[in-house]
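Peer 1: Provided herewith is a single structure, encoded as structure tokens, for subsequent inquiry.
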Amino acid sequence: MTFVLIRHKVQCLSHPPIWPKKHTVLSEESASAKERYLGVFRYSGRAVTLVWSTSPFLTVMLAILTVTAGLLPAGVAWVGQLIVDGVLAGLALFREGAPVSYMPVLMLILLEGLLVGAMTGAQRGIAMCQALLRALLGQRVNELILEKALTLEISQFEDSEFYDKLSRARREASSRPLSLVNRTFSLFQQSISLVSFGALLIQFSPWAVILLIVAGLPSFVAETKFSGDAFRLFRMRAPESRMQLYLETVMAREDHAKEVQLFQLGKVLLERYRQIFRKLYSEDRALTLRRETWGAVLSLVSTGAVYGAYAWIATAAMADQITLGEMTMYLLLFKQGQTAVASSLAAIGGMYEDNLYLSNLYEYLEQQPEYSWGNHTEGPDPADGVRFEDVSFSYPGSSEKVLSHISLHVRPGQSLALVGENGAGKSTMIKLLSGLYQPDEGRILLHGRDIREWDPQALRRSTGVIFQDFNRYQFTVGENIGAGDIEAFDDRERWRDAAEKGMAARFINTMDEGFATQLGRWFKGGKELSTGQWQKIALSRAFMRSSAQILILDEPTASMDAAAEADIFKHFRDHTRDRISILISHRFSTVRQADLIAVIEHGRVIESGTHKELLDQGGRYAHLFRLQAAGYQ
């Protein structure tokens with residue numbers, strides 16, 4: 001609105017006033033506001049579809065019970081009127097000395113009892129369906145969130161805005177679809193009740209129906225406004241909520257506990273955690289006070305309307321315009337009708353709020369992968385191996401090039417060693433080759449085909465990578481190794497073969513439960529391994545991928561001594577004779593075994609060749625090699 005008014009003022013300064021244009025601008029703004037308001041309900045249909053797909057039977061039962069619960073209250077009120085009028089008629093006959101039959105009134109009481117019992121049963125049935133659907137739907141929505149996460153690119157996981165979206169989607173998203181459907185059904189139920197109430201109440205006066213509806217509007221408007229305020233507050237605080245969760249993780253996880261205690265970080269981290277809570281609480285407190293204060297004030301309007309209607313109906317009965325039974329019915333109808341109106345408006349306000357929160361879920365689910373891929377599962381020339389052709393790359397959101405004009409060629413059966421300082425771009429090359437990113441310029445070919453033309457799953461199956469920060473799964477030994485090839489995840493023979501090649505079999509065989517040993521400390525009976533043992537498990541994981549044409553070790557043995565690392569790399573090289581092997585290490589005594597060594601500096605290949613050729617050149621590699629060799633003398 002502010003933008004429109006500023007634009008209009010600028011127009012008035014530069015041109016004479018043209019009144020039709022002014023009206024057009026204002027009408028466009030009104031239309032836009034209307035679209036924004038109605039737009040928040042755009043997820044209602046999707047929520048119903050989601051609940052239906054979760055359990056059609058429970059959804060149908062919930063709908064039937066909702067309709068039943070909506071019709072029964074009017075029936076109870078109508079039978080109540082008949083009971084009161086029947087009692088009064090019987091009393092009149094009794095006073096006149098005429099014979100009185102109690103059976104009609106008793107039958108009406110029985111009927112009302114049955115209706116009340118059915119109404120109670122319907123409400124209990126609704127609660128049962130909602131409870132079952134809540135459990136099923138919570139699981140379904142969490143699955144949708146996780147399934148979507150599995151389709152996204154690694155670059156999206158490295159984006160803080162993505163994590164804000166994910167955090168907002170996961171918080172409350174599992175409950176909001178069912179809440180929206182429940183409120184939709186509740187609105188339907190209350191609408192049925194209102195129609196039935198109105199059909200009976202209009203016999204007294206149409207104005208009573210209008211008064212019934214209008215009395216609930218003020219609290220509805222206030223509730224809708226504060227629902228919007230609460231949602232905007234919810235969206236704004238996603239980073240703070242994630243920081244709180246992170247601080248909880250740092251203070252309460254075993255992989256952080258050593259440093260937290262040794263560096264005495266506990267008090268500082270706990271105080272930061274408290275500061276975030278105090279900030280969030282102050283915002284919640286201010287909103288709650290405003291919301292409840294206005295709610296209390298506006299509820300007085302509804303209370304006044306109820307007692308005004310009471311007075312109106314009571315005076316009509318005193319003036320003999322309606323019977324005592326009708327008075328009882330109208331009072332009950334008005335009281336229940338106002339409850340139905342309040343519930344209907346609350347349901348609409350709740351639907352507005354649920355739609356706002358569901359926008360977070362669908363905003364996340366509608367994200368698309370950043371890269372486009374082909375569908376090829378092999379290349380035209382397997383003998384060509386891997387080629388980097390003038391490849392340049394910058395990480396998303398950064399203008400600084402991590403790689404600049406990289407060109408390399410490695411054939412099957414050859415080994416490539418990448419050497420360079422931390423941050424030179426070595427690991428980035430591996431991420432590009434394995435399809436975690438795509439180059440900004442140039443191209444990478446596998447078996448003679450640009451990797452962008454490959455099916456991403458086929459590309460990743462052809463590559464086995466163990467990074468320096470490899471995962472230490474809180475699974476069994478066998479499952480930790482089997483994770484290297486999901487198609488053989490439970491194949492025990494493959495576990496044994498991979499463990500032999502990865503040099504892990506010796507210590508695995510000394511464990512009481514062997515490959516069934518639970519690793520890590522998160523679960524009961526778990527065994528923690530040494531760093532070297534974990535690295536051998538990771539190496540075995542790489543050998544699980546028997547179909548991989550490229551095996552890559554990205555400094556997974558960095559914490560080992562030079563002799564142990566050299567032994568592992570020699571073993572690795574011996575078992576990859578017919579495949580491409582790529583090694584990344586800071587130790588020149590290890591990489592000297594490679595067929596081709598590439599020295600990376602500031603994202604560029606400054607030297608390449610065999611160990612002997614690079615020493616003969618007397619360049620950067622030779623300088624660093626002699627410098628490192630001197631350190632061992």
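Note on naming: chains are A, B, ... as they come in the structure tokens, residues start from 1 per chain, ligands start from 1 in the order shown.
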Excluding Ala135 (chain A) and residues on its chain fewer than 6 positions from it, collect all residues at most 12 Å away from it, counting only C-alpha atoms, and give them as a PyMOL selection string.
Peer 2: chain A and resi 51+54-55+128-129+141-142+174-175+177-178
Peer 1: Going by DSSP on the backbone, which bits of region 435-498 of chain A are strand (DSSP E)? Write them as a list in words, please.
Peer 2: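 The residues of region 435-498 of chain A classed as strand (DSSP E) are Glu441, Gly442, Arg443, Ile444, Leu445, Leu446, Arg449, Asp450, Thr463, Gly464, Val465, Ile466 and Phe467 of chain A.
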Peer 1: Rank A:Arg134, A:Lys527, A:Arg626, A:Arg541 by their smallest atom-to-atom distance to Glu500 (chain A), using only C-alpha atoms, and report the top residue only.
Peer 2: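 For Glu500 (chain A), the nearest of the candidates is A:Arg541.
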Peer 1: So, with only C-alpha atoms as the atoms that count, which of A:Ser372, A:Arg592, A:Leu433, A:Gly198 lies closest to Gln338 (chain A)?
Peer 2: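 Under the stated criterion, the closest residue is A:Gly198.
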Peer 1: Counting only C-alpha atoms, what is within 9 Å of Leu333 (chain A), bar same-chain residues fewer than 3 positions away, as a list in words?
Peer 2: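 Contacts, with the query itself left out: Pro73, Ala74, Ala77, Phe197, Gly198, Leu200, Leu201, Thr328, Met329, Tyr330, Gln336, Gly337 and Gln338 of chain A.
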